[in-house]
Each structure stands twice: as structure tokens, then as C-alpha cells.
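Since the structure comes first, as C-alpha cells, the remarks are kept for the end.
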Amino acid sequence: MDKNTGFYMETEPRVLVQDNMIITVFRDRGVYKNENGYHTERQMTVDGKSFYVKSFFPSISTATPTDQLIKLIDNDFKNK
């Protein structure tokens with residue numbers, strides 16, 4: 001395992017097909033699904049500090065990831 005990123009240096013994850021959706025699965029994270037969507041969990045180490053990362057992917061989204069990123073950048077710009 002690469003101790004800096006938490007990845008197992010796996011270049012090709014397992015690909016699952018479920019309900020006509022393709023989900024990539026890496027060995028160093030857990031993927032959980034319920035009626036609201038699914039989430040992933042993983043631990044990673046960056047510069048010697050350990051982090052627990054949890055990502056949520058709702059079944060019905062209200063914005064695209066790009067929209068969310070632009071909103072975050074705009075908010076950061078306004079705060080400066």
C-alpha cells in the first residue's frame with residue numbers, strides 16, 4: 001500500500017454492474033448502498049497524518065459535481 005495516498009497501487013479496480021449502474025470498487029475502500037444512494041469509506045495517510053474519508057452519492061442529485069465545485073470556488077473567492 002502506498003502510505004502517502006492510501007491506495008494499493010491498483011490500476012484496474014473491480015467493476016460492478018448493479019441496477020444498470022457501473023460502480024468501480026477499489027480494495028482499500030468500502031462501498032455501501034441504501035435507499036438514499038450509496039457512500040464510500042476509506043482511510044488514507046497524507047504527510048504522516050491519518051484521515052477518514054466518507055463520500056456520499058445520492059440516488060437523486062440536485063447538482064452536478066462541477067456545479068458544486070464552482071460554488072465552492074465562488075464562496076472561497078467571496079471570503080477573501
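If you're wondering about the labels, chains in the C-alpha cells are A, B, ... by order shown, residues count from 1 in each chain, ligands from 1 in order shown.
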
Shell around Glu41 (chain A) at 7 Å using only C-alpha atoms, local window under 6 positions removed, as a PyMOL selection string: chain A and resi 29-31+53-55

Output of the above residues as a JSON list (two decimals), in the first residue's frame, restricted to C-alpha atoms:
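So the final result, stored in selection17.json, reads:
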```
[["chain", "number", "residue", "atom", "x", "y", "z"],
["A", 29, "ARG", "CA", -12.44, 1.34, 0.41],
["A", 30, "GLY", "CA", -15.87, 0.13, 1.42],
["A", 31, "VAL", "CA", -18.95, 0.85, -0.68],
["A", 53, "VAL", "CA", -12.83, 9.98, 4.19],
["A", 54, "LYS", "CA", -16.52, 9.35, 3.55],
["A", 55, "SER", "CA", -18.14, 10.33, 0.23]]
```

Residues near Ile60 (chain A), cut-off 12 Å, only C-alpha atoms, skip fewer than 3 positions along chain, as an NGL selection string: :A and (35-38 or 56-57 or 63-64)

Residues flagged helix (DSSP H, G or I) by DSSP in region 10-68 of chain A, as a PyMOL selection string: chain A and resi 65-68

Please produce an output containing C-alpha atoms for each residue in the selection, written as a CSV table (one decimal), in the first residue's frame.
```
chain,number,residue,atom,x,y,z
A,65,PRO,CA,-20.1,17.8,-9.2
A,66,THR,CA,-19.0,20.6,-11.5
A,67,ASP,CA,-21.8,22.8,-10.2
A,68,GLN,CA,-20.7,22.1,-6.6
```
